[in-house]
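S.K.: So here's entry26.cif, just mmCIF, C-alpha atoms:
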data_upload
#
loop_
_atom_site.label_atom_id
_atom_site.label_comp_id
_atom_site.auth_asym_id
_atom_site.auth_seq_id
_atom_site.Cartn_x
_atom_site.Cartn_y
_atom_site.Cartn_z
CA MET A 1 15.40 -32.28 39.92
CA ALA A 2 18.66 -30.49 39.16
CA ARG A 3 19.09 -32.71 36.14
CA MET A 4 15.65 -31.77 34.89
CA PHE A 5 16.53 -28.15 35.35
CA VAL A 6 19.73 -28.51 33.30
CA LEU A 7 17.76 -30.28 30.57
CA PHE A 8 15.16 -27.53 30.58
CA ILE A 9 17.78 -24.77 30.29
CA THR A 10 19.56 -26.66 27.51
CA LEU A 11 16.34 -26.95 25.53
CA VAL A 12 15.46 -23.29 26.01
CA VAL A 13 18.93 -22.18 24.93
CA ALA A 14 18.86 -24.56 21.95
CA GLY A 15 15.59 -22.94 20.88
CA PHE A 16 17.24 -19.54 20.76
CA LEU A 17 20.31 -20.80 18.93
CA GLU A 18 18.40 -22.15 15.96
CA PRO A 19 19.14 -19.91 12.97
CA ALA A 20 16.14 -18.07 11.53
CA PHE A 21 17.22 -18.94 8.01
CA ALA A 22 16.74 -22.61 8.40
CA ILE A 23 13.46 -21.95 6.52
CA ASP A 24 14.94 -21.81 3.03
CA PRO A 25 18.71 -21.65 2.98
CA LEU A 26 19.90 -19.39 0.19
CA PRO A 27 23.31 -19.92 -1.37
CA PHE A 28 25.10 -16.76 -0.21
CA LYS A 29 28.58 -16.33 -1.58
CA ASP A 30 29.91 -14.83 1.65
CA ARG A 31 28.93 -13.58 5.08
CA ALA A 32 28.77 -9.94 3.95
CA GLU A 33 26.15 -10.77 1.34
CA GLU A 34 24.15 -12.73 3.89
CA LEU A 35 24.21 -9.80 6.32
CA ARG A 36 23.16 -7.38 3.58
CA PHE A 37 20.28 -9.67 2.65
CA GLN A 38 19.15 -10.00 6.26
CA ALA A 39 19.31 -6.23 6.81
CA LEU A 40 17.23 -5.63 3.68
CA ALA A 41 14.70 -8.38 4.41
CA LYS A 42 14.14 -6.91 7.89
CA GLN A 43 12.97 -3.63 6.34
CA LEU A 44 10.40 -5.37 4.16
CA ARG A 45 6.94 -6.46 5.15
CA CYS A 46 5.52 -9.85 4.38
CA LEU A 47 2.32 -9.16 2.45
CA GLN A 48 0.60 -12.37 3.41
CA CYS A 49 0.97 -12.18 7.18
CA GLN A 50 1.37 -8.51 7.55
CA ASN A 51 2.88 -8.18 10.97
CA GLU A 52 5.95 -10.18 10.10
CA SER A 53 8.97 -9.00 8.20
CA LEU A 54 10.09 -10.73 5.05
CA GLU A 55 13.00 -12.09 7.06
CA ASP A 56 10.86 -13.79 9.69
CA SER A 57 7.90 -14.96 7.70
CA ASN A 58 7.19 -18.53 6.83
CA ALA A 59 4.47 -17.71 4.30
CA PRO A 60 4.92 -19.07 0.74
CA LEU A 61 4.73 -15.55 -0.70
CA ALA A 62 7.49 -14.39 1.65
CA ALA A 63 9.67 -17.28 0.48
CA ASP A 64 9.03 -16.27 -3.15
CA LEU A 65 9.87 -12.65 -2.41
CA ARG A 66 13.01 -13.62 -0.52
CA ARG A 67 14.08 -15.63 -3.55
CA ASP A 68 13.37 -12.64 -5.83
CA VAL A 69 15.28 -10.25 -3.57
CA PHE A 70 18.16 -12.71 -3.47
CA GLU A 71 18.20 -13.12 -7.26
CA GLN A 72 18.19 -9.38 -7.81
CA MET A 73 21.02 -9.03 -5.34
CA GLN A 74 22.97 -11.61 -7.34
CA ALA A 75 22.22 -9.60 -10.48
CA GLY A 76 24.01 -6.64 -8.88
CA LYS A 77 20.97 -4.50 -8.05
CA SER A 78 21.32 -2.00 -5.22
CA ASP A 79 19.07 -2.05 -2.15
CA GLU A 80 17.28 1.03 -3.48
CA GLU A 81 16.61 -0.61 -6.84
CA ILE A 82 15.22 -3.71 -5.13
CA LYS A 83 12.94 -1.58 -2.95
CA ARG A 84 11.71 0.30 -6.02
CA TRP A 85 11.01 -3.00 -7.75
CA LEU A 86 8.93 -4.10 -4.76
CA THR A 87 7.03 -0.84 -4.28
CA ALA A 88 6.10 -0.81 -7.99
CA ARG A 89 4.17 -4.02 -7.25
CA TYR A 90 3.12 -3.73 -3.63
CA SER A 91 3.15 0.05 -2.96
CA ASP A 92 4.94 1.69 -0.02
CA PHE A 93 3.10 -0.77 2.17
CA VAL A 94 5.90 -3.27 1.66
CA LEU A 95 8.39 -0.94 3.37
CA TYR A 96 8.45 -0.81 7.16
CA ASP A 97 10.10 2.59 6.91
CA PRO A 98 7.68 4.69 4.84
CA PRO A 99 9.29 7.25 2.49
CA LEU A 100 8.66 10.94 3.05
CA HIS A 101 6.11 12.34 0.60
CA GLY A 102 2.77 14.20 0.50
CA GLY A 103 0.75 11.45 2.12
CA THR A 104 3.16 10.64 4.90
CA TRP A 105 4.34 14.03 6.23
CA LEU A 106 1.91 13.88 9.15
CA LEU A 107 3.26 10.46 10.03
CA TRP A 108 6.80 11.81 10.06
CA PHE A 109 6.26 15.22 11.65
CA GLY A 110 3.10 14.54 13.70
CA PRO A 111 5.06 13.57 16.83
CA LEU A 112 7.14 16.74 16.51
CA LEU A 113 3.95 18.82 16.23
CA VAL A 114 2.54 17.17 19.35
CA LEU A 115 5.81 17.83 21.18
CA LEU A 116 5.76 21.50 20.13
CA ALA A 117 2.11 21.84 21.19
CA GLY A 118 3.01 20.33 24.56
CA ALA A 119 6.00 22.67 24.96
CA GLY A 120 3.75 25.63 24.08
CA ALA A 121 1.17 24.57 26.67
CA VAL A 122 3.83 24.20 29.37
CA PHE A 123 5.32 27.57 28.49
CA VAL A 124 1.96 29.34 28.67
CA THR A 125 1.02 27.63 31.93
CA VAL A 126 4.32 28.44 33.60
CA ARG A 127 4.12 32.07 32.54
CA ARG A 128 0.58 32.49 33.78
CA ARG A 129 1.35 30.87 37.09
CA GLY A 130 4.44 33.02 37.37
CA LYS A 131 2.39 36.15 36.80
CA ALA A 132 -0.38 35.08 39.14
CA ALA A 133 2.18 34.25 41.82
CA GLY A 134 3.87 37.61 41.27
CA THR A 135 0.70 39.51 42.12
CA SER A 136 -0.34 37.32 45.03
CA THR A 137 2.94 36.82 46.92
CA GLN A 138 1.79 39.30 49.56
CA THR A 139 -1.34 37.41 50.45
CA THR A 140 0.01 33.86 50.40
CA ALA A 141 3.40 34.75 51.86
CA ARG A 142 5.15 31.92 50.06
CA PRO A 143 8.72 32.32 48.89
CA ALA A 144 8.70 33.11 45.16
CA SER A 145 11.21 30.39 44.34
CA ASP A 146 8.83 27.75 45.63
CA VAL A 147 5.99 28.68 43.29
CA GLU A 148 7.24 26.93 40.16
CA ASP A 149 7.90 23.63 41.89
CA ASP A 150 4.39 23.64 43.22
CA TRP A 151 2.86 21.65 40.41
CA MET B 1 -8.59 30.28 27.83
CA ASN B 2 -8.19 29.03 31.32
CA ALA B 3 -4.92 27.14 31.57
CA ARG B 4 -6.48 24.69 34.01
CA LEU B 5 -8.66 23.37 31.18
CA LEU B 6 -5.63 22.51 29.06
CA PRO B 7 -5.20 18.94 30.31
CA LEU B 8 -8.91 18.34 29.80
CA ALA B 9 -8.70 19.72 26.28
CA GLY B 10 -5.70 17.48 25.62
CA PHE B 11 -7.60 14.48 26.90
CA ALA B 12 -10.61 15.37 24.77
CA LEU B 13 -8.33 15.57 21.74
CA VAL B 14 -6.87 12.11 22.39
CA LEU B 15 -10.39 10.77 22.93
CA ALA B 16 -11.54 12.30 19.65
CA LEU B 17 -8.58 10.72 17.86
CA LEU B 18 -9.41 7.32 19.35
CA GLY B 19 -13.06 7.76 18.33
CA PHE B 20 -12.08 8.68 14.80
CA GLY B 21 -9.74 5.69 14.53
CA THR B 22 -12.46 3.33 15.71
CA TRP B 23 -14.98 4.80 13.30
CA TRP B 24 -12.56 4.84 10.39
CA SER B 25 -11.43 1.25 10.79
CA GLN B 26 -15.05 0.10 10.56
CA TYR B 27 -15.09 1.07 6.91
CA HIS B 28 -11.48 0.44 5.99
CA ASP B 29 -9.50 -2.75 6.08
CA LEU B 30 -6.07 -1.83 7.36
CA ARG B 31 -4.61 -4.96 5.84
CA GLU B 32 -5.76 -4.02 2.36
CA VAL B 33 -2.75 -3.12 0.30
CA PRO B 34 -3.43 -0.37 -2.24
CA SER B 35 -2.44 -1.46 -5.72
CA PRO B 36 0.07 0.76 -7.50
CA LEU B 37 -1.01 -0.95 -10.73
CA ILE B 38 -4.32 0.89 -11.08
CA GLY B 39 -4.31 2.96 -14.27
CA LYS B 40 -1.20 1.20 -15.56
CA PRO B 41 -0.86 -1.56 -18.16
CA ALA B 42 -1.10 -5.04 -16.69
CA PRO B 43 2.33 -6.64 -16.36
CA ALA B 44 3.47 -8.69 -19.34
CA PHE B 45 3.13 -12.41 -18.82
CA SER B 46 3.06 -15.70 -20.63
CA LEU B 47 1.45 -18.50 -18.66
CA PRO B 48 0.32 -22.03 -19.49
CA THR B 49 -3.37 -22.80 -19.36
CA LEU B 50 -4.56 -25.19 -16.69
CA ASP B 51 -6.06 -27.61 -19.21
CA ASP B 52 -3.11 -27.71 -21.57
CA PRO B 53 0.32 -26.86 -20.08
CA GLU B 54 1.73 -26.75 -23.63
CA ARG B 55 -0.52 -23.85 -24.58
CA HIS B 56 0.65 -20.46 -23.36
CA VAL B 57 -1.50 -17.36 -23.04
CA THR B 58 0.01 -13.86 -22.91
CA ASN B 59 -1.35 -10.51 -21.79
CA VAL B 60 -1.40 -9.51 -25.49
CA ASP B 61 -3.65 -12.48 -26.31
CA LEU B 62 -6.12 -11.34 -23.66
CA ALA B 63 -6.25 -7.69 -24.75
CA GLY B 64 -8.96 -6.43 -27.08
CA GLU B 65 -11.87 -7.05 -24.72
CA PRO B 66 -12.10 -6.30 -21.00
CA TYR B 67 -11.80 -9.19 -18.56
CA LEU B 68 -11.86 -9.97 -14.88
CA LEU B 69 -8.72 -11.76 -13.73
CA ASN B 70 -9.66 -13.79 -10.69
CA VAL B 71 -6.87 -15.19 -8.51
CA PHE B 72 -7.93 -18.50 -6.97
CA ALA B 73 -6.46 -21.69 -5.62
CA SER B 74 -7.75 -24.99 -4.31
CA TRP B 75 -5.87 -24.41 -1.04
CA CYS B 76 -7.68 -21.11 -0.50
CA PHE B 77 -10.64 -21.55 1.80
CA ALA B 78 -12.29 -18.18 1.14
CA CYS B 79 -12.20 -18.98 -2.60
CA ARG B 80 -14.95 -21.59 -2.12
CA GLU B 81 -17.29 -18.96 -0.81
CA GLU B 82 -16.45 -16.70 -3.76
CA HIS B 83 -16.61 -19.56 -6.23
CA ALA B 84 -20.29 -20.17 -5.50
CA ILE B 85 -21.02 -16.51 -6.29
CA LEU B 86 -19.00 -16.65 -9.52
CA MET B 87 -20.94 -19.77 -10.54
CA THR B 88 -24.31 -18.10 -10.07
CA ASP B 89 -23.55 -14.44 -10.85
CA GLY B 90 -20.40 -14.58 -12.99
CA LYS B 91 -22.28 -14.32 -16.28
CA GLN B 92 -23.92 -11.13 -15.02
CA LEU B 93 -20.60 -9.30 -15.46
CA GLY B 94 -20.87 -9.53 -19.25
CA ILE B 95 -17.10 -9.80 -19.67
CA ARG B 96 -14.69 -12.69 -19.82
CA LEU B 97 -13.84 -14.32 -16.53
CA VAL B 98 -10.20 -15.41 -16.57
CA GLY B 99 -9.10 -17.67 -13.74
CA PHE B 100 -5.60 -17.20 -12.34
CA ASN B 101 -4.69 -20.43 -10.61
CA TYR B 102 -2.15 -19.33 -8.01
CA LYS B 103 0.56 -21.67 -6.67
CA ASP B 104 -1.65 -24.67 -7.03
CA ALA B 105 -0.93 -28.24 -8.09
CA PRO B 106 -2.76 -28.67 -11.43
CA ALA B 107 -4.32 -31.94 -10.28
CA ASP B 108 -5.71 -30.26 -7.13
CA ALA B 109 -7.07 -27.33 -9.13
CA LYS B 110 -8.79 -29.64 -11.61
CA ARG B 111 -10.33 -31.73 -8.85
CA TRP B 112 -11.52 -28.56 -7.11
CA LEU B 113 -13.16 -27.30 -10.32
CA ALA B 114 -14.75 -30.68 -10.97
CA GLN B 115 -16.23 -30.56 -7.49
CA PHE B 116 -17.45 -26.96 -7.38
CA GLY B 117 -17.92 -26.18 -11.08
CA ASN B 118 -15.97 -24.03 -13.52
CA PRO B 119 -17.21 -20.46 -14.04
CA TYR B 120 -14.14 -19.40 -16.06
CA ASP B 121 -13.80 -18.79 -19.78
CA LEU B 122 -10.11 -19.52 -19.51
CA ILE B 123 -7.76 -20.53 -16.71
CA ILE B 124 -4.07 -19.69 -16.63
CA ALA B 125 -1.81 -21.35 -14.09
CA ASP B 126 1.01 -19.71 -12.18
CA LEU B 127 2.59 -22.52 -10.23
CA PRO B 128 5.85 -20.71 -9.29
CA GLY B 129 3.98 -17.51 -8.39
CA ASP B 130 6.27 -15.14 -10.34
CA VAL B 131 3.57 -13.48 -12.43
CA ALA B 132 1.49 -13.10 -9.27
CA ILE B 133 4.31 -11.04 -7.75
CA ASP B 134 4.36 -8.83 -10.87
CA PHE B 135 0.64 -8.26 -10.29
CA GLY B 136 1.25 -7.49 -6.62
CA VAL B 137 -0.87 -10.43 -5.49
CA THR B 138 -0.80 -10.84 -1.72
CA GLY B 139 -2.99 -13.93 -1.52
CA ALA B 140 -6.19 -15.42 -2.82
CA PRO B 141 -8.87 -14.52 -3.66
CA GLU B 142 -8.07 -11.27 -5.44
CA SER B 143 -9.53 -9.87 -8.64
CA PHE B 144 -8.29 -7.44 -11.25
CA LEU B 145 -10.53 -5.63 -13.69
CA ILE B 146 -8.56 -5.10 -16.90
CA ASP B 147 -9.86 -3.07 -19.81
CA ALA B 148 -9.65 -3.72 -23.59
CA GLN B 149 -6.34 -1.83 -23.78
CA GLY B 150 -4.88 -4.09 -21.12
CA VAL B 151 -4.89 -1.40 -18.42
CA VAL B 152 -5.67 -2.40 -14.83
CA ARG B 153 -8.76 -0.44 -13.75
CA TYR B 154 -9.61 -1.91 -10.38
CA LYS B 155 -8.38 -4.40 -7.84
CA TYR B 156 -10.49 -6.16 -5.27
CA ILE B 157 -9.03 -8.15 -2.37
CA SER B 158 -11.27 -10.71 -0.59
CA PRO B 159 -14.09 -12.89 -1.90
CA ILE B 160 -16.38 -11.25 -4.44
CA THR B 161 -19.95 -10.95 -3.17
CA PRO B 162 -23.16 -10.05 -5.05
CA GLU B 163 -22.87 -6.63 -3.42
CA VAL B 164 -19.34 -6.12 -4.77
CA ILE B 165 -20.55 -7.13 -8.24
CA ALA B 166 -23.43 -4.64 -8.06
CA THR B 167 -21.65 -1.69 -6.45
CA GLN B 168 -18.02 -2.03 -7.60
CA LEU B 169 -17.71 -4.20 -10.69
CA LEU B 170 -20.81 -3.53 -12.80
CA PRO B 171 -20.55 0.31 -12.73
CA ARG B 172 -16.89 0.10 -13.73
CA ILE B 173 -17.58 -2.41 -16.50
CA ALA B 174 -20.41 -0.19 -17.81
CA ALA B 175 -18.06 2.82 -17.80
CA MET B 176 -15.40 0.83 -19.66
CA LYS B 177 -17.85 -0.29 -22.32
CA LYS B 178 -19.17 3.24 -22.71
CA ALA B 179 -15.64 4.59 -23.15
CA ALA B 180 -14.89 1.94 -25.77
CA LYS B 181 -17.85 3.02 -27.97
#
If you convert what's in this file into structure tokens, what do you get?
M.R.:
Amino acid sequence: MARMFVLFITLVVAGFLEPAFAIDPLPFKDRAEELRFQALAKQLRCLQCQNESLEDSNAPLAADLRRDVFEQMQAGKSDEEIKRWLTARYSDFVLYDPPLHGGTWLLWFGPLLVLLAGAGAVFVTVRRRGKAAGTSTQTTARPASDVEDDW
Amino acid sequence: MNARLLPLAGFALVLALLGFGTWWSQYHDLREVPSPLIGKPAPAFSLPTLDDPERHVTNVDLAGEPYLLNVFASWCFACREEHAILMTDGKQLGIRLVGFNYKDAPADAKRWLAQFGNPYDLIIADLPGDVAIDFGVTGAPESFLIDAQGVVRYKYISPITPEVIATQLLPRIAAMKKAAK
């Protein structure tokens, strides 16, 4: 039983150790270039199976795009230039991090607006309750400091 | 406004947002990638024809008359469904139908066409898939409507249906022909 358990653990660990890039090994000249490539590929969406990044995807199109990204990197293009090259073909959709422009401001600042609206609502509620408590302390006979913790 | 109604109003807002999202996604495919190529010249290419790998066709060769560039492959299951429609209704378009054989072994593509028929006026083959990337192809089937000046006018992702021909393609083709006169 213990032996089975050890075997099981070994297999599970081995599964995690397998490098993701066993799919199509690219001839990187050094580790730094490989890391740069992986960081860039993580920010790009696979167009064929859209919930995977270019780094993870096994789709043929993703392999083609990885090869293109790699070749452009070899040609000395910057990450920005490579992203521009991709968005000219596949639109902003290819980027997991959408750029800030007219169509995306709500996406970027929407959460902040919701947060501000929430803060406003809390502020108004607290003030009203404070006022209401101020006028009714005589009748309820509660200590004023307790009022705000009430809800 | 009564402050006690605030949470209810907030909830109603979230509910409305959920309702809108549900309604909106009925009419929009979230996986559909908008093409940045619309209104721009089709990318330059030079590809061999499927029948004769020695003969190359370029985007300049195809200009002069509008055409529908239809991305297909023998490995693409949805293409069979579309292929039947192109066989019966393809001529209705009144423009050239150019097949774009995408990442397909030529022998497989030829067998597929022999089996299901060939609705194309010309077939170009992109085995490595490089030109497809220039066109922003995400898979097959996809179709590009390209005008006489070589400008991409419309892109359709998914199999073409008689409804798509009637509501999307024919009005655009008519407009293109009118503009050319």
S.K.: Contacts of Pro34 of chain B at 10 Å or less, counting all atoms listed in the file, minus same-chain residues fewer than 3 places along, as a PDB file with C-alpha atoms, keeping the file's coordinate frame?
M.R.:
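Result written to out22.pdb:
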ATOM      1  CA  ARG A  89       4.170  -4.020  -7.250  1.00  0.00           C
ATOM      2  CA  TYR A  90       3.120  -3.730  -3.630  1.00  0.00           C
ATOM      3  CA  SER A  91       3.150   0.050  -2.960  1.00  0.00           C
ATOM      4  CA  ASP A  92       4.940   1.690  -0.020  1.00  0.00           C
ATOM      5  CA  PHE A  93       3.100  -0.770   2.170  1.00  0.00           C
TER       6      PHE A  93
ATOM      7  CA  ARG B  31      -4.610  -4.960   5.840  1.00  0.00           C
ATOM      8  CA  LEU B  37      -1.010  -0.950 -10.730  1.00  0.00           C
ATOM      9  CA  ILE B  38      -4.320   0.890 -11.080  1.00  0.00           C
ATOM     10  CA  GLY B 136       1.250  -7.490  -6.620  1.00  0.00           C
ATOM     11  CA  LYS B 155      -8.380  -4.400  -7.840  1.00  0.00           C
ATOM     12  CA  TYR B 156     -10.490  -6.160  -5.270  1.00  0.00           C
ATOM     13  CA  ILE B 157      -9.030  -8.150  -2.370  1.00  0.00           C
TER      14      ILE B 157
END
S.K.: From the options A:Thr87, A:Pro98, A:Ala32, A:Asp68, which residue's atoms come nearest to Ser35 of chain B, counting all atoms listed in the file?
M.R.: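 Checking each candidate against Ser35 of chain B, we get A:Thr87 as the closest.
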S.K.: Mind listing as a PDB file with C-alpha atoms, in the frame of the given file which residues of chain A are within 12 Å of chain B, counting all atoms listed in the file?
M.R.:
ATOM      1  CA  ARG A  45       6.940  -6.460   5.150  1.00  0.00           C
ATOM      2  CA  CYS A  46       5.520  -9.850   4.380  1.00  0.00           C
ATOM      3  CA  LEU A  47       2.320  -9.160   2.450  1.00  0.00           C
ATOM      4  CA  GLN A  48       0.600 -12.370   3.410  1.00  0.00           C
ATOM      5  CA  CYS A  49       0.970 -12.180   7.180  1.00  0.00           C
ATOM      6  CA  GLN A  50       1.370  -8.510   7.550  1.00  0.00           C
ATOM      7  CA  ASN A  51       2.880  -8.180  10.970  1.00  0.00           C
ATOM      8  CA  ALA A  59       4.470 -17.710   4.300  1.00  0.00           C
ATOM      9  CA  PRO A  60       4.920 -19.070   0.740  1.00  0.00           C
ATOM     10  CA  LEU A  61       4.730 -15.550  -0.700  1.00  0.00           C
ATOM     11  CA  ALA A  62       7.490 -14.390   1.650  1.00  0.00           C
ATOM     12  CA  ALA A  63       9.670 -17.280   0.480  1.00  0.00           C
ATOM     13  CA  ASP A  64       9.030 -16.270  -3.150  1.00  0.00           C
ATOM     14  CA  LEU A  65       9.870 -12.650  -2.410  1.00  0.00           C
ATOM     15  CA  ARG A  66      13.010 -13.620  -0.520  1.00  0.00           C
ATOM     16  CA  ARG A  67      14.080 -15.630  -3.550  1.00  0.00           C
ATOM     17  CA  ASP A  68      13.370 -12.640  -5.830  1.00  0.00           C
ATOM     18  CA  VAL A  69      15.280 -10.250  -3.570  1.00  0.00           C
ATOM     19  CA  ARG A  84      11.710   0.300  -6.020  1.00  0.00           C
ATOM     20  CA  TRP A  85      11.010  -3.000  -7.750  1.00  0.00           C
ATOM     21  CA  LEU A  86       8.930  -4.100  -4.760  1.00  0.00           C
ATOM     22  CA  THR A  87       7.030  -0.840  -4.280  1.00  0.00           C
ATOM     23  CA  ALA A  88       6.100  -0.810  -7.990  1.00  0.00           C
ATOM     24  CA  ARG A  89       4.170  -4.020  -7.250  1.00  0.00           C
ATOM     25  CA  TYR A  90       3.120  -3.730  -3.630  1.00  0.00           C
ATOM     26  CA  SER A  91       3.150   0.050  -2.960  1.00  0.00           C
ATOM     27  CA  ASP A  92       4.940   1.690  -0.020  1.00  0.00           C
ATOM     28  CA  PHE A  93       3.100  -0.770   2.170  1.00  0.00           C
ATOM     29  CA  VAL A  94       5.900  -3.270   1.660  1.00  0.00           C
ATOM     30  CA  LEU A  95       8.390  -0.940   3.370  1.00  0.00           C
ATOM     31  CA  VAL A 114       2.540  17.170  19.350  1.00  0.00           C
ATOM     32  CA  ALA A 117       2.110  21.840  21.190  1.00  0.00           C
ATOM     33  CA  GLY A 118       3.010  20.330  24.560  1.00  0.00           C
ATOM     34  CA  GLY A 120       3.750  25.630  24.080  1.00  0.00           C
ATOM     35  CA  ALA A 121       1.170  24.570  26.670  1.00  0.00           C
ATOM     36  CA  VAL A 122       3.830  24.200  29.370  1.00  0.00           C
ATOM     37  CA  PHE A 123       5.320  27.570  28.490  1.00  0.00           C
ATOM     38  CA  VAL A 124       1.960  29.340  28.670  1.00  0.00           C
ATOM     39  CA  THR A 125       1.020  27.630  31.930  1.00  0.00           C
ATOM     40  CA  VAL A 126       4.320  28.440  33.600  1.00  0.00           C
ATOM     41  CA  ARG A 127       4.120  32.070  32.540  1.00  0.00           C
ATOM     42  CA  ARG A 128       0.580  32.490  33.780  1.00  0.00           C
ATOM     43  CA  ARG A 129       1.350  30.870  37.090  1.00  0.00           C
ATOM     44  CA  ALA A 132      -0.380  35.080  39.140  1.00  0.00           C
ATOM     45  CA  TRP A 151       2.860  21.650  40.410  1.00  0.00           C
TER      46      TRP A 151
END
S.K.: Quick one: axis-aligned box around all listed atoms of segment 97-116 of chain B, 3 Å on every side, centre and edge lengths in Å to one decimal, written as lines of an AutoDock Vina configuration file.
M.R.:
center_x = -8.4
center_y = -23.1
center_z = -11.6
size_x = 24.0
size_y = 23.6
size_z = 15.9
S.K.: Report the residues retrieved by the PyMOL selection byres ((chain A and resi 39) around 12) from the displayed file, expressed as a PyMOL selection string.
M.R.: chain A and resi 32-38+40-44+53-56+69+79
S.K.: Would you mind completing segment 141-152 of chain B so that it carries N, CA and C atoms, and writing it out as a PDB file, in the frame of the given file?
M.R.:
ATOM      1  N   PRO B 141      -8.580 -15.009  -2.312  1.00  0.00           N
ATOM      2  CA  PRO B 141      -8.870 -14.520  -3.660  1.00  0.00           C
ATOM      3  C   PRO B 141      -8.602 -13.020  -3.829  1.00  0.00           C
ATOM      4  N   GLU B 142      -8.234 -12.665  -5.047  1.00  0.00           N
ATOM      5  CA  GLU B 142      -8.070 -11.270  -5.440  1.00  0.00           C
ATOM      6  C   GLU B 142      -8.557 -11.182  -6.881  1.00  0.00           C
ATOM      7  N   SER B 143      -9.047 -10.005  -7.266  1.00  0.00           N
ATOM      8  CA  SER B 143      -9.530  -9.870  -8.640  1.00  0.00           C
ATOM      9  C   SER B 143      -9.077  -8.555  -9.239  1.00  0.00           C
ATOM     10  N   PHE B 144      -8.720  -8.625 -10.516  1.00  0.00           N
ATOM     11  CA  PHE B 144      -8.290  -7.440 -11.250  1.00  0.00           C
ATOM     12  C   PHE B 144      -9.228  -7.218 -12.421  1.00  0.00           C
ATOM     13  N   LEU B 145      -9.702  -5.985 -12.551  1.00  0.00           N
ATOM     14  CA  LEU B 145     -10.530  -5.630 -13.690  1.00  0.00           C
ATOM     15  C   LEU B 145      -9.601  -4.965 -14.708  1.00  0.00           C
ATOM     16  N   ILE B 146      -9.493  -5.584 -15.887  1.00  0.00           N
ATOM     17  CA  ILE B 146      -8.560  -5.100 -16.900  1.00  0.00           C
ATOM     18  C   ILE B 146      -9.335  -4.730 -18.156  1.00  0.00           C
ATOM     19  N   ASP B 147      -9.058  -3.543 -18.684  1.00  0.00           N
ATOM     20  CA  ASP B 147      -9.860  -3.070 -19.810  1.00  0.00           C
ATOM     21  C   ASP B 147      -9.321  -3.587 -21.164  1.00  0.00           C
ATOM     22  N   ALA B 148      -9.993  -3.190 -22.258  1.00  0.00           N
ATOM     23  CA  ALA B 148      -9.650  -3.720 -23.590  1.00  0.00           C
ATOM     24  C   ALA B 148      -8.233  -3.347 -24.007  1.00  0.00           C
ATOM     25  N   GLN B 149      -7.715  -2.243 -23.454  1.00  0.00           N
ATOM     26  CA  GLN B 149      -6.340  -1.830 -23.780  1.00  0.00           C
ATOM     27  C   GLN B 149      -5.309  -2.540 -22.895  1.00  0.00           C
ATOM     28  N   GLY B 150      -5.797  -3.366 -21.998  1.00  0.00           N
ATOM     29  CA  GLY B 150      -4.880  -4.090 -21.120  1.00  0.00           C
ATOM     30  C   GLY B 150      -4.447  -3.279 -19.907  1.00  0.00           C
ATOM     31  N   VAL B 151      -5.226  -2.231 -19.573  1.00  0.00           N
ATOM     32  CA  VAL B 151      -4.890  -1.400 -18.420  1.00  0.00           C
ATOM     33  C   VAL B 151      -5.692  -1.875 -17.204  1.00  0.00           C
ATOM     34  N   VAL B 152      -4.999  -1.984 -16.057  1.00  0.00           N
ATOM     35  CA  VAL B 152      -5.670  -2.400 -14.830  1.00  0.00           C
ATOM     36  C   VAL B 152      -6.543  -1.254 -14.334  1.00  0.00           C
TER      37      VAL B 152
END
